[in-house]
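> One file: input_13.cif (mmCIF, C-alpha atoms).
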data_run
loop_
_atom_site.label_atom_id
_atom_site.label_comp_id
_atom_site.auth_asym_id
_atom_site.auth_seq_id
_atom_site.Cartn_x
_atom_site.Cartn_y
_atom_site.Cartn_z
CA MET A 1 14.83 -20.64 -0.18
CA SER A 2 15.23 -24.28 0.73
CA SER A 3 11.51 -25.10 1.12
CA ALA A 4 8.28 -23.88 -0.40
CA VAL A 5 6.53 -20.94 1.19
CA ASP A 6 2.82 -21.08 2.03
CA LEU A 7 1.66 -18.37 -0.35
CA LEU A 8 3.26 -16.41 -3.18
CA VAL A 9 1.67 -13.33 -4.73
CA LYS A 10 3.68 -12.60 -7.88
CA ASP A 11 3.95 -10.67 -11.14
CA ALA A 12 2.48 -7.44 -9.74
CA GLU A 13 2.59 -4.49 -12.08
CA LEU A 14 3.84 -2.68 -8.99
CA LEU A 15 4.32 -3.93 -5.44
CA VAL A 16 4.12 -1.21 -2.78
CA VAL A 17 6.12 -2.54 0.16
CA ASP A 18 5.68 0.68 2.13
CA GLY A 19 5.86 4.42 1.58
CA ASP A 20 9.60 4.17 0.95
CA ARG A 21 9.90 1.17 -1.37
CA GLU A 22 8.11 -0.01 -4.51
CA ILE A 23 9.04 -2.97 -6.73
CA PRO A 24 7.92 -3.14 -10.38
CA GLY A 25 7.06 -6.74 -11.24
CA GLY A 26 7.29 -7.58 -7.54
CA TRP A 27 6.28 -10.55 -5.46
CA VAL A 28 5.48 -11.27 -1.80
CA ALA A 29 6.20 -14.58 -0.04
CA VAL A 30 4.20 -15.63 3.02
CA THR A 31 4.76 -18.37 5.58
CA ASN A 32 2.92 -18.92 8.88
CA GLY A 33 0.93 -15.72 8.45
CA ARG A 34 3.99 -13.47 8.06
CA VAL A 35 5.74 -11.88 5.13
CA THR A 36 9.00 -13.77 4.71
CA ALA A 37 10.43 -12.04 1.64
CA VAL A 38 9.71 -9.62 -1.18
CA GLY A 39 11.53 -9.27 -4.47
CA GLY A 40 11.55 -8.60 -8.19
CA ALA A 41 10.64 -10.77 -11.15
CA GLY A 42 12.81 -13.84 -11.67
CA SER A 43 13.71 -14.46 -8.03
CA GLU A 44 10.44 -15.95 -6.82
CA PRO A 45 10.50 -18.93 -4.40
CA GLU A 46 8.48 -22.10 -4.78
CA ALA A 47 5.07 -21.91 -3.10
CA ARG A 48 2.24 -24.21 -2.11
CA THR A 49 -0.30 -21.61 -3.32
CA THR A 50 0.35 -18.98 -5.95
CA VAL A 51 -1.73 -15.90 -6.77
CA SER A 52 -1.10 -14.01 -9.99
CA ALA A 53 -1.21 -10.24 -9.69
CA ALA A 54 -0.38 -9.66 -13.35
CA ARG A 55 -1.25 -6.14 -14.52
CA ARG A 56 -2.43 -5.28 -11.00
CA LEU A 57 -1.23 -3.14 -8.11
CA VAL A 58 -0.38 -4.87 -4.81
CA THR A 59 -0.39 -2.89 -1.56
CA PRO A 60 -0.41 -3.55 2.16
CA GLY A 61 -3.92 -4.09 3.48
CA LEU A 62 -5.72 -0.88 4.39
CA VAL A 63 -6.42 -0.25 8.07
CA ASN A 64 -9.70 1.26 9.31
CA THR A 65 -9.26 3.32 12.47
CA HIS A 66 -12.88 4.33 13.16
CA HIS A 67 -16.18 2.62 12.44
CA HIS A 68 -19.61 1.84 13.87
CA ILE A 69 -20.37 -1.39 12.05
CA TYR A 70 -23.76 -2.04 13.68
CA GLN A 71 -25.07 1.05 11.90
CA ASN A 72 -25.27 -0.84 8.59
CA LEU A 73 -28.65 -1.95 9.96
CA THR A 74 -29.92 1.63 9.49
CA ARG A 75 -28.10 2.76 6.37
CA ALA A 76 -29.46 5.71 4.38
CA TYR A 77 -32.33 5.99 6.85
CA ALA A 78 -34.50 8.64 5.21
CA PRO A 79 -35.67 10.58 8.32
CA ALA A 80 -32.04 11.24 9.33
CA VAL A 81 -30.12 11.83 6.11
CA ASN A 82 -30.42 15.62 5.97
CA GLY A 83 -29.95 16.52 9.62
CA THR A 84 -27.05 17.91 11.60
CA LEU A 85 -24.88 15.53 13.62
CA PHE A 86 -27.01 16.00 16.73
CA ASP A 87 -30.27 15.68 14.72
CA TRP A 88 -28.94 12.52 13.11
CA LEU A 89 -28.03 11.00 16.47
CA THR A 90 -31.30 11.77 18.23
CA THR A 91 -33.28 10.32 15.30
CA LEU A 92 -31.36 7.04 15.29
CA TYR A 93 -30.75 6.38 18.99
CA PRO A 94 -34.29 4.99 19.50
CA LEU A 95 -33.82 2.56 16.62
CA TRP A 96 -30.44 1.40 17.90
CA ALA A 97 -32.09 0.56 21.22
CA ALA A 98 -33.33 -2.63 19.49
CA LEU A 99 -29.77 -3.93 18.99
CA ASP A 100 -29.21 -7.42 20.40
CA GLU A 101 -26.53 -10.14 20.14
CA GLU A 102 -27.86 -11.54 16.88
CA ALA A 103 -27.98 -8.08 15.32
CA ALA A 104 -24.46 -7.28 16.52
CA TYR A 105 -23.10 -10.55 15.11
CA VAL A 106 -24.85 -10.34 11.74
CA SER A 107 -24.09 -6.65 11.18
CA ALA A 108 -20.44 -7.34 12.02
CA TYR A 109 -20.26 -10.32 9.66
CA VAL A 110 -21.72 -8.32 6.78
CA GLY A 111 -19.73 -5.20 7.65
CA MET A 112 -16.40 -7.01 7.85
CA THR A 113 -17.11 -8.69 4.52
CA GLU A 114 -17.72 -5.27 2.98
CA LEU A 115 -14.49 -3.99 4.47
CA LEU A 116 -12.55 -6.91 2.99
CA MET A 117 -14.05 -6.20 -0.43
CA GLY A 118 -12.81 -2.61 -0.13
CA GLY A 119 -9.25 -3.67 0.64
CA CYS A 120 -9.40 -3.42 4.43
CA THR A 121 -7.57 -6.15 6.34
CA THR A 122 -7.71 -4.65 9.86
CA SER A 123 -10.49 -2.61 11.38
CA SER A 124 -11.34 -1.09 14.70
CA ASP A 125 -15.00 -0.74 15.63
CA HIS A 126 -16.59 1.65 18.11
CA LEU A 127 -19.74 0.04 19.53
CA TYR A 128 -21.09 2.50 22.09
CA VAL A 129 -24.79 1.59 22.41
CA HIS A 130 -25.39 -1.21 24.87
CA PRO A 131 -29.10 -1.84 25.31
CA ARG A 132 -28.22 -5.49 25.97
CA PRO A 133 -25.09 -7.27 27.24
CA ARG A 134 -22.31 -9.03 25.30
CA LEU A 135 -22.72 -7.11 22.03
CA VAL A 136 -18.98 -6.58 21.57
CA ASP A 137 -18.43 -10.29 22.22
CA ALA A 138 -20.83 -11.01 19.35
CA GLU A 139 -18.80 -8.79 17.02
CA ILE A 140 -15.60 -10.53 18.05
CA ARG A 141 -17.22 -13.90 17.36
CA ALA A 142 -18.00 -12.74 13.82
CA ALA A 143 -14.39 -11.60 13.32
CA ARG A 144 -13.09 -14.98 14.51
CA ASP A 145 -15.50 -16.84 12.23
CA ILE A 146 -14.26 -14.83 9.24
CA GLY A 147 -10.57 -14.65 10.18
CA PHE A 148 -10.59 -10.86 10.12
CA ARG A 149 -8.09 -8.75 12.07
CA PHE A 150 -10.22 -6.77 14.52
CA HIS A 151 -9.69 -4.13 17.17
CA ALA A 152 -12.92 -4.00 19.16
CA THR A 153 -13.32 -0.79 21.10
CA ARG A 154 -15.70 -1.11 24.03
CA GLY A 155 -17.72 2.08 23.73
CA SER A 156 -19.97 3.52 26.41
CA MET A 157 -22.57 6.16 27.13
CA THR A 158 -23.71 7.04 30.65
CA ARG A 159 -25.17 10.54 30.26
CA SER A 160 -28.73 10.12 28.98
CA VAL A 161 -31.08 12.90 27.95
CA GLU A 162 -32.42 12.92 31.51
CA ASP A 163 -28.90 13.75 32.69
CA GLY A 164 -28.27 16.50 30.17
CA GLY A 165 -26.88 14.29 27.39
CA LEU A 166 -28.23 13.30 23.97
CA PRO A 167 -29.02 9.55 24.08
CA PRO A 168 -32.15 8.03 25.64
CA ARG A 169 -31.80 5.98 28.78
CA SER A 170 -32.42 2.78 26.79
CA VAL A 171 -28.92 2.85 25.21
CA THR A 172 -26.90 4.05 28.22
CA GLN A 173 -25.40 2.21 31.19
CA SER A 174 -24.29 3.08 34.69
CA THR A 175 -20.66 3.88 35.45
CA ASP A 176 -20.27 0.62 37.36
CA GLU A 177 -21.69 -1.41 34.48
CA VAL A 178 -19.35 0.24 31.98
CA LEU A 179 -16.19 -0.25 34.02
CA ALA A 180 -17.00 -3.82 35.07
CA ASP A 181 -17.77 -4.95 31.53
CA SER A 182 -14.73 -3.13 30.13
CA GLU A 183 -12.49 -5.05 32.50
CA ARG A 184 -14.30 -8.34 31.75
CA LEU A 185 -13.94 -7.83 28.00
CA ILE A 186 -10.20 -7.13 28.22
CA LYS A 187 -9.63 -10.26 30.30
CA ALA A 188 -11.82 -12.43 28.06
CA GLN A 189 -10.94 -11.20 24.56
CA HIS A 190 -7.82 -9.02 24.35
CA ASP A 191 -4.76 -10.66 22.81
CA PRO A 192 -1.61 -8.61 23.46
CA GLU A 193 0.69 -10.99 21.57
CA PRO A 194 2.38 -10.06 18.26
CA GLY A 195 0.27 -10.97 15.26
CA ALA A 196 -2.96 -10.92 17.26
CA LEU A 197 -6.21 -11.06 15.32
CA ILE A 198 -8.29 -9.72 18.21
CA ARG A 199 -7.49 -6.75 20.42
CA VAL A 200 -9.65 -4.65 22.71
CA ALA A 201 -9.54 -0.91 23.38
CA LEU A 202 -11.71 1.24 25.65
CA ALA A 203 -13.83 3.95 24.08
CA PRO A 204 -16.28 6.21 25.96
CA CYS A 205 -18.30 7.71 23.16
CA SER A 206 -17.84 11.48 23.50
CA PRO A 207 -17.66 14.38 25.95
CA PHE A 208 -21.43 14.87 25.71
CA SER A 209 -22.46 11.25 26.35
CA VAL A 210 -20.37 10.13 29.37
CA THR A 211 -19.45 11.69 32.69
CA LYS A 212 -16.00 12.86 33.65
CA GLU A 213 -15.88 9.98 36.14
CA VAL A 214 -16.15 7.48 33.29
CA MET A 215 -13.53 9.25 31.18
CA THR A 216 -11.03 9.36 34.05
CA ALA A 217 -11.66 5.83 35.30
CA THR A 218 -11.44 4.42 31.77
CA ALA A 219 -8.04 6.05 31.24
CA GLU A 220 -6.84 4.50 34.51
CA LEU A 221 -8.19 1.08 33.48
CA ALA A 222 -6.44 1.30 30.10
CA GLU A 223 -3.18 2.13 31.83
CA ARG A 224 -3.53 -0.80 34.20
CA TYR A 225 -4.15 -3.34 31.41
CA ASP A 226 -1.99 -1.64 28.76
CA VAL A 227 -4.76 -1.27 26.17
CA ARG A 228 -5.50 1.65 23.91
CA LEU A 229 -8.05 4.46 24.29
CA HIS A 230 -10.43 5.85 21.69
CA THR A 231 -13.18 8.49 21.57
CA HIS A 232 -14.74 11.17 19.39
CA LEU A 233 -13.13 14.56 19.89
CA ALA A 234 -13.65 18.07 18.51
CA GLU A 235 -16.12 16.79 15.92
CA ASP A 236 -18.72 19.54 15.92
CA HIS A 237 -19.18 23.17 17.00
CA ASP A 238 -22.07 21.99 19.19
CA GLU A 239 -19.49 19.95 21.11
CA ASP A 240 -17.51 23.13 21.82
CA THR A 241 -20.65 24.80 23.15
CA TYR A 242 -21.60 21.79 25.24
CA CYS A 243 -18.17 21.48 26.87
CA LEU A 244 -17.96 25.20 27.62
CA GLU A 245 -21.41 25.18 29.21
CA THR A 246 -20.97 21.88 31.08
CA TYR A 247 -17.29 21.78 32.00
CA GLY A 248 -16.21 25.38 31.60
CA CYS A 249 -13.55 24.54 28.99
CA ARG A 250 -13.08 23.47 25.40
CA PRO A 251 -13.14 19.75 24.42
CA VAL A 252 -9.35 19.29 24.13
CA GLU A 253 -8.75 20.85 27.55
CA TYR A 254 -11.41 18.60 29.06
CA PHE A 255 -9.86 15.59 27.28
CA GLU A 256 -6.48 16.46 28.77
CA ASP A 257 -7.93 17.01 32.24
CA CYS A 258 -9.42 13.50 32.15
CA GLY A 259 -5.99 11.90 31.63
CA TRP A 260 -6.36 11.05 27.96
CA MET A 261 -3.50 13.05 26.49
CA SER A 262 -1.13 10.14 25.77
CA GLU A 263 0.37 7.95 23.06
CA ARG A 264 -2.10 5.17 23.83
CA THR A 265 -4.98 7.37 22.56
CA TRP A 266 -6.40 7.96 19.12
CA VAL A 267 -9.48 10.09 18.44
CA ALA A 268 -12.06 10.30 15.69
CA HIS A 269 -12.57 13.38 13.50
CA CYS A 270 -10.64 16.07 15.46
CA ILE A 271 -11.96 18.80 13.18
CA TYR A 272 -12.01 21.85 15.42
CA PRO A 273 -8.92 22.04 17.63
CA ASN A 274 -7.22 25.42 17.48
CA ASP A 275 -3.52 25.73 16.68
CA ASP A 276 -2.41 25.51 20.30
CA GLU A 277 -4.59 22.46 20.97
CA LEU A 278 -3.32 20.74 17.84
CA ALA A 279 0.28 21.30 18.95
CA ARG A 280 -0.49 19.83 22.38
CA LEU A 281 -2.12 16.76 20.83
CA ALA A 282 0.93 16.29 18.61
CA ALA A 283 3.37 16.63 21.50
CA ALA A 284 1.48 13.94 23.40
CA GLY A 285 1.45 11.54 20.43
CA VAL A 286 -2.34 11.36 20.15
CA GLY A 287 -3.50 9.79 16.86
CA VAL A 288 -6.36 10.98 14.65
CA ALA A 289 -8.84 8.92 12.62
CA HIS A 290 -9.68 11.06 9.58
CA CYS A 291 -13.20 10.30 8.30
CA PRO A 292 -13.59 12.21 5.01
CA SER A 293 -16.89 10.83 3.66
CA SER A 294 -18.75 11.20 6.94
CA ASN A 295 -17.45 14.74 7.36
CA MET A 296 -18.74 15.68 3.92
CA LEU A 297 -22.11 13.93 4.19
CA ILE A 298 -22.95 15.45 7.57
CA GLY A 299 -21.79 18.78 6.21
CA GLY A 300 -19.27 19.72 8.85
CA GLY A 301 -15.63 20.59 8.51
CA THR A 302 -12.79 18.15 8.12
CA ALA A 303 -9.48 17.47 9.84
CA ARG A 304 -6.42 19.53 8.94
CA VAL A 305 -4.59 16.42 7.80
CA ARG A 306 -1.60 18.08 6.17
CA GLU A 307 -0.88 20.24 9.23
CA MET A 308 -1.37 17.27 11.55
CA ARG A 309 1.12 15.15 9.66
CA GLU A 310 3.63 18.00 9.55
CA LEU A 311 3.35 18.24 13.34
CA GLY A 312 3.98 14.49 13.64
CA LEU A 313 0.54 13.30 14.68
CA PRO A 314 -0.29 9.75 13.61
CA VAL A 315 -3.15 10.20 11.13
CA GLY A 316 -5.15 7.25 9.82
CA ILE A 317 -8.30 6.70 7.79
CA GLY A 318 -11.73 5.84 9.21
CA CYS A 319 -14.95 4.83 7.50
CA ASP A 320 -17.06 6.07 10.40
CA GLY A 321 -20.59 4.79 10.86
CA SER A 322 -22.37 2.85 8.19
CA ALA A 323 -25.42 5.07 8.81
CA SER A 324 -23.60 8.35 8.17
CA THR A 325 -21.11 7.29 5.51
CA ASP A 326 -23.40 4.49 4.26
CA HIS A 327 -20.56 2.39 2.92
CA ALA A 328 -17.52 0.57 4.25
CA SER A 329 -14.96 0.95 1.48
CA LEU A 330 -11.51 1.97 2.64
CA TRP A 331 -10.61 2.53 -1.00
CA MET A 332 -13.34 5.16 -1.25
CA GLU A 333 -12.24 6.77 2.03
CA THR A 334 -8.65 6.89 0.81
CA ARG A 335 -9.71 8.48 -2.47
CA ASN A 336 -11.83 11.02 -0.58
CA ALA A 337 -8.90 11.81 1.69
CA LEU A 338 -6.89 12.58 -1.46
CA LEU A 339 -9.64 14.81 -2.83
CA LEU A 340 -10.27 16.66 0.43
CA GLY A 341 -6.57 17.16 1.00
CA ARG A 342 -6.19 18.81 -2.40
CA TYR A 343 -9.44 20.75 -2.04
CA ARG A 344 -8.20 22.26 1.22
CA GLY A 345 -4.55 22.81 0.35
CA GLY A 346 -4.18 22.85 -3.42
CA PRO A 347 -2.78 20.30 -5.87
CA GLY A 348 0.50 19.94 -4.01
CA ALA A 349 -1.13 19.26 -0.64
CA MET A 350 -1.62 15.52 -1.10
CA THR A 351 -0.68 12.79 -3.56
CA ALA A 352 -2.11 9.31 -4.01
CA ARG A 353 0.96 7.95 -2.21
CA ASP A 354 0.32 10.27 0.73
CA ALA A 355 -3.26 9.02 0.95
CA LEU A 356 -2.13 5.38 0.73
CA ASP A 357 0.44 5.99 3.45
CA ILE A 358 -2.24 7.47 5.71
CA ALA A 359 -4.51 4.46 5.12
CA THR A 360 -1.71 1.97 5.86
CA ARG A 361 1.23 3.12 7.98
CA GLY A 362 -0.62 6.07 9.49
CA SER A 363 -3.57 3.93 10.52
CA ALA A 364 -1.28 1.24 11.92
CA ARG A 365 0.39 3.88 14.12
CA CYS A 366 -3.03 4.92 15.44
CA LEU A 367 -3.71 1.34 16.52
CA GLY A 368 -0.27 0.93 18.06
CA ARG A 369 0.84 -1.65 15.48
CA ALA A 370 3.32 0.19 13.29
CA GLU A 371 5.87 -2.63 13.47
CA GLU A 372 3.66 -5.33 11.98
CA LEU A 373 0.79 -3.70 10.06
CA GLY A 374 0.57 -1.17 7.25
CA HIS A 375 3.62 -2.40 5.30
CA LEU A 376 4.93 -5.57 3.62
CA ARG A 377 8.48 -5.68 4.91
CA PRO A 378 9.69 -9.15 5.97
CA GLY A 379 8.28 -9.92 9.40
CA ALA A 380 5.05 -8.00 8.86
CA CYS A 381 1.68 -9.66 9.25
CA ALA A 382 0.75 -11.04 5.84
CA ASP A 383 -2.14 -8.64 5.21
CA LEU A 384 -2.21 -7.49 1.59
CA VAL A 385 -4.45 -6.58 -1.31
CA VAL A 386 -4.28 -7.21 -5.05
CA TRP A 387 -6.32 -4.40 -6.62
CA ASP A 388 -8.56 -4.63 -9.67
CA LEU A 389 -9.58 -1.77 -11.94
CA HIS A 390 -11.50 -2.51 -15.09
CA GLU A 391 -9.45 -2.13 -18.25
CA VAL A 392 -11.88 0.53 -19.48
CA ALA A 393 -11.22 2.64 -16.37
CA LEU A 394 -7.47 2.18 -16.79
CA ALA A 395 -7.36 2.93 -20.51
CA GLY A 396 -4.64 5.53 -21.02
CA ALA A 397 -3.23 5.30 -17.48
CA LEU A 398 0.30 4.24 -18.40
CA SER A 399 2.71 6.16 -16.21
CA ASP A 400 1.90 5.67 -12.51
CA PRO A 401 -0.07 2.70 -11.09
CA VAL A 402 -0.50 4.28 -7.63
CA GLU A 403 -1.94 7.54 -8.91
CA ALA A 404 -4.14 5.56 -11.31
CA TRP A 405 -5.39 3.43 -8.40
CA LEU A 406 -7.05 6.42 -6.71
CA ARG A 407 -7.70 8.68 -9.68
CA CYS A 408 -9.21 6.23 -12.15
CA GLY A 409 -11.41 3.92 -10.05
CA PRO A 410 -13.60 2.60 -8.90
CA ALA A 411 -11.17 0.01 -7.59
CA ARG A 412 -12.10 -3.17 -5.77
CA ALA A 413 -10.07 -5.82 -4.07
CA TRP A 414 -9.34 -8.67 -6.47
CA THR A 415 -7.57 -10.63 -3.73
CA THR A 416 -7.57 -9.80 -0.02
CA VAL A 417 -5.23 -11.72 2.27
CA VAL A 418 -5.32 -11.54 6.08
CA GLY A 419 -2.66 -13.35 8.04
CA GLY A 420 -1.79 -15.39 4.95
CA ARG A 421 -5.40 -16.50 4.36
CA ILE A 422 -7.21 -15.56 1.14
CA LEU A 423 -10.58 -14.07 2.17
CA VAL A 424 -11.46 -12.38 -1.14
CA ASP A 425 -10.63 -14.26 -4.36
CA ARG A 426 -11.23 -12.85 -7.86
CA GLY A 427 -13.33 -10.08 -6.35
CA GLU A 428 -15.65 -12.32 -4.35
CA PRO A 429 -15.62 -13.08 -0.61
CA VAL A 430 -14.62 -16.63 0.31
CA LEU A 431 -16.90 -16.81 3.34
CA PRO A 432 -19.30 -19.73 3.73
CA GLY A 433 -21.56 -17.89 6.19
CA LEU A 434 -22.22 -14.86 4.01
CA THR A 435 -25.41 -16.00 2.27
CA GLN A 436 -27.17 -16.69 5.57
CA ALA A 437 -25.76 -13.54 7.14
CA LEU A 438 -27.23 -11.40 4.35
CA LYS A 439 -30.61 -13.09 4.72
CA ASP A 440 -30.58 -12.52 8.48
CA HIS A 441 -29.36 -8.95 8.02
CA GLY A 442 -32.36 -8.05 5.87
CA ARG A 443 -34.77 -9.45 8.45
CA ILE A 444 -33.09 -7.66 11.35
CA ALA A 445 -32.77 -4.34 9.49
CA ARG A 446 -36.49 -4.37 8.72
CA ARG A 447 -37.26 -5.01 12.37
CA ILE A 448 -35.00 -2.25 13.65
CA GLN A 449 -36.21 0.29 11.07
CA ARG A 450 -39.82 -0.76 11.77
CA ALA A 451 -40.29 -1.38 8.10
CA THR A 452 -43.01 -3.65 6.74
#
Now, as a test, write the supplied structure out as structure tokens.


Amino acid sequence: MSSAVDLLVKDAELLVVDGDREIPGGWVAVTNGRVTAVGGAGSEPEARTTVSAARRLVTPGLVNTHHHIYQNLTRAYAPAVNGTLFDWLTTLYPLWAALDEEAAYVSAYVGMTELLMGGCTTSSDHLYVHPRPRLVDAEIRAARDIGFRFHATRGSMTRSVEDGGLPPRSVTQSTDEVLADSERLIKAQHDPEPGALIRVALAPCSPFSVTKEVMTATAELAERYDVRLHTHLAEDHDEDTYCLETYGCRPVEYFEDCGWMSERTWVAHCIYPNDDELARLAAAGVGVAHCPSSNMLIGGGTARVREMRELGLPVGIGCDGSASTDHASLWMETRNALLLGRYRGGPGAMTARDALDIATRGSARCLGRAEELGHLRPGACADLVVWDLHEVALAGALSDPVEAWLRCGPARAWTTVVGGRILVDRGEPVLPGLTQALKDHGRIARRIQRAT
């Protein structure tokens, strides 16, 4: 190259470019926030900034397809930890009614930092409680302040307990409020351009928390503005019962009837579709956010990931809520996807490379960004991770760095790069606002949990 690149990550033990290409001793060159070249040892370009990845694995940044970041304000909340999904929700809804702009901003700042430390460079977030206005805007402000790649999904609930739903009135909105603010948020915050850091999707919470009118109108709004759609679907047997009693059909049929069966849609969990429903979702190109830790902690089933992938569904990884999973490590979710896949289907059902592919290329497909996220081919957004495992944990792991990455752990991000910017360096976040955010987070969490 004739001139120095902005950033060079070099000397990796193994560079995973994507699921089809790996380079021992590889390097990645970055200019203007994009990958400009990759290669093997001895062909590196000159660079203004160089990061050594010696003895470490380098992968594309992991992509989180489902989260509720605000819930880190009520993590491991003792009265809710041993309940069913519906018990858990009804216990926490009253606490979440105290959410305000400051709480949304601070929880997002802390949550995005945690995601970066776990190797996540892009995350969606499903904020569906709106006791006060402009909460999603506050999350987006935190993402901009950090430099994090963020897909905000404007969640909604309109069916309160008085209307036959689960949530209290204090966290729901009217149909008109939901649709008006959804349109405002798209116009104010959504960036459709390639390489965007901020995008907006629309995300009514679930079949049991919004009306059919909201589901249908939201799908029409997404079509008009060409944004993506997200919701929970087929998560719990209680959801089957609710939809049969309320709508006279199963959740997937209701979902289809509302106009959601399209390539612009990805759904969270998708545990209980039958074979016919799964085939219809695949034919429509609907993506699935697989949330292994949450599924296990709440004690439900888990998505049939192997079958979904064989049918061609885009399948990505999701942390899910910080009050049900209680962490925001995409590395841990990817490891748990590996374990669950093998637990369900046997030792040949999933490899570490399969799990990594789900957490990168699969997740990018769910978010509609397969061309520029989830891989490190030239032209991709420069989102990458240099992984660190302690030498004690790696002792004896000589033959396969990718398998060792998920099997040996725990792994942490040594360096996390988003859009060419180093946001985690030597295992520590490079974020000047973090100390104050943590202080504020403790104060707000105590207030919301009504703790002394």

> What lies within 9 Å of A:Thr122 using only C-alpha atoms, ignoring chain neighbours under 4 positions off, as an MDAnalysis selection string?

chainID A and resid 61:65 115:116 148:151 197 364 373 383 418

> Pull out every residue that the PyMOL selection byres ((chain A and resi 440) around 12) matches in the shown coordinates and put them as a PyMOL selection string.

chain A and resi 73+102-110+433-439+441-447

> Between A:Ala142, A:Val129, A:Leu297, A:Ala397, which residue has the minimum interatomic distance to A:Trp96, considering all atoms listed in the file?

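Between A:Ala142, A:Val129, A:Leu297, A:Ala397, the residue approaching A:Trp96 most closely is A:Val129.
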
> Could you give me, as a PyMOL selection string, the residues that have an atom at most 9 Å away from the point (-26.1, 19.2, 2.8) in the coordinates of the file, using only C-alpha atoms?

chain A and resi 82-84+296-299

> What residues have an atom no more than 10 Å from (-13.9, -1.3, 25.4) in the file's own frame, counting all atoms listed in the file, and can you write them as a ChimeraX atom specification?

/A:125-128,136,151-156,178-179,181-186,190,199-204,218,222,227-230

> List as a list of chain:residue names the protein and nucleic acid residues near stretch 232-236 of chain A, meaning an atom at most 6 Å away when all atoms listed in the file are counted, but skip any in the same chain fewer than 5 places from it.

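Once the nearby chain positions are removed, what remains is A:Ser206, A:Val267, A:Ala268, A:His269, A:Cys270, A:Ile271, A:Tyr272.
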
> Quick one: pull the distance between atom CA of A:Leu431 and atom CA of A:Val386, Å, one decimal.

17.9 Å

> Record the distance separating atom CA of A:Leu7 and atom CA of A:Ala143, expressed in Å with one decimal.

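Going from atom CA of A:Leu7 over to atom CA of A:Ala143, I get 22.1 Å.
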
> Any chance you could work out the residue set of the PyMOL selection byres ((chain A and resi 291) around 8) here, as an mmCIF file with C-alpha atoms, in the coordinates of the input?


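Final output, expr-v7.cif:
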data_model
loop_
_atom_site.group_PDB
_atom_site.id
_atom_site.type_symbol
_atom_site.label_atom_id
_atom_site.label_comp_id
_atom_site.auth_asym_id
_atom_site.auth_seq_id
_atom_site.Cartn_x
_atom_site.Cartn_y
_atom_site.Cartn_z
ATOM 1 C CA HIS A 66 -12.880 4.330 13.160
ATOM 2 C CA ALA A 268 -12.060 10.300 15.690
ATOM 3 C CA HIS A 269 -12.570 13.380 13.500
ATOM 4 C CA ALA A 289 -8.840 8.920 12.620
ATOM 5 C CA HIS A 290 -9.680 11.060 9.580
ATOM 6 C CA PRO A 292 -13.590 12.210 5.010
ATOM 7 C CA SER A 293 -16.890 10.830 3.660
ATOM 8 C CA SER A 294 -18.750 11.200 6.940
ATOM 9 C CA ASN A 295 -17.450 14.740 7.360
ATOM 10 C CA THR A 302 -12.790 18.150 8.120
ATOM 11 C CA ILE A 317 -8.300 6.700 7.790
ATOM 12 C CA GLY A 318 -11.730 5.840 9.210
ATOM 13 C CA CYS A 319 -14.950 4.830 7.500
ATOM 14 C CA ASP A 320 -17.060 6.070 10.400
ATOM 15 C CA GLU A 333 -12.240 6.770 2.030
#

> Starting from the incomplete input, reconstruct N, CA and C atoms of stretch 426-435 of chain A and write that as an mmCIF file, keeping the file's coordinate frame.


data_model
loop_
_atom_site.group_PDB
_atom_site.id
_atom_site.type_symbol
_atom_site.label_atom_id
_atom_site.label_comp_id
_atom_site.auth_asym_id
_atom_site.auth_seq_id
_atom_site.Cartn_x
_atom_site.Cartn_y
_atom_site.Cartn_z
ATOM 1 N N ARG A 426 -10.638 -13.287 -6.588
ATOM 2 C CA ARG A 426 -11.230 -12.850 -7.860
ATOM 3 C C ARG A 426 -12.430 -11.937 -7.636
ATOM 4 N N GLY A 427 -12.311 -11.085 -6.620
ATOM 5 C CA GLY A 427 -13.330 -10.080 -6.350
ATOM 6 C C GLY A 427 -14.489 -10.527 -5.508
ATOM 7 N N GLU A 428 -14.520 -11.795 -5.112
ATOM 8 C CA GLU A 428 -15.650 -12.320 -4.350
ATOM 9 C C GLU A 428 -15.188 -12.828 -2.982
ATOM 10 N N PRO A 429 -15.971 -12.564 -1.944
ATOM 11 C CA PRO A 429 -15.620 -13.080 -0.610
ATOM 12 C C PRO A 429 -15.641 -14.594 -0.575
ATOM 13 N N VAL A 430 -14.679 -15.177 0.136
ATOM 14 C CA VAL A 430 -14.620 -16.630 0.310
ATOM 15 C C VAL A 430 -15.065 -16.927 1.745
ATOM 16 N N LEU A 431 -16.348 -16.722 1.984
ATOM 17 C CA LEU A 431 -16.900 -16.810 3.340
ATOM 18 C C LEU A 431 -18.184 -17.636 3.305
ATOM 19 N N PRO A 432 -18.149 -18.839 3.845
ATOM 20 C CA PRO A 432 -19.300 -19.730 3.730
ATOM 21 C C PRO A 432 -20.547 -19.231 4.450
ATOM 22 N N GLY A 433 -20.389 -18.355 5.442
ATOM 23 C CA GLY A 433 -21.560 -17.890 6.190
ATOM 24 C C GLY A 433 -22.227 -16.661 5.612
ATOM 25 N N LEU A 434 -21.736 -16.151 4.483
ATOM 26 C CA LEU A 434 -22.220 -14.860 4.010
ATOM 27 C C LEU A 434 -23.662 -14.907 3.521
ATOM 28 N N THR A 435 -24.048 -15.943 2.808
ATOM 29 C CA THR A 435 -25.410 -16.000 2.270
ATOM 30 C C THR A 435 -26.446 -15.938 3.390
#
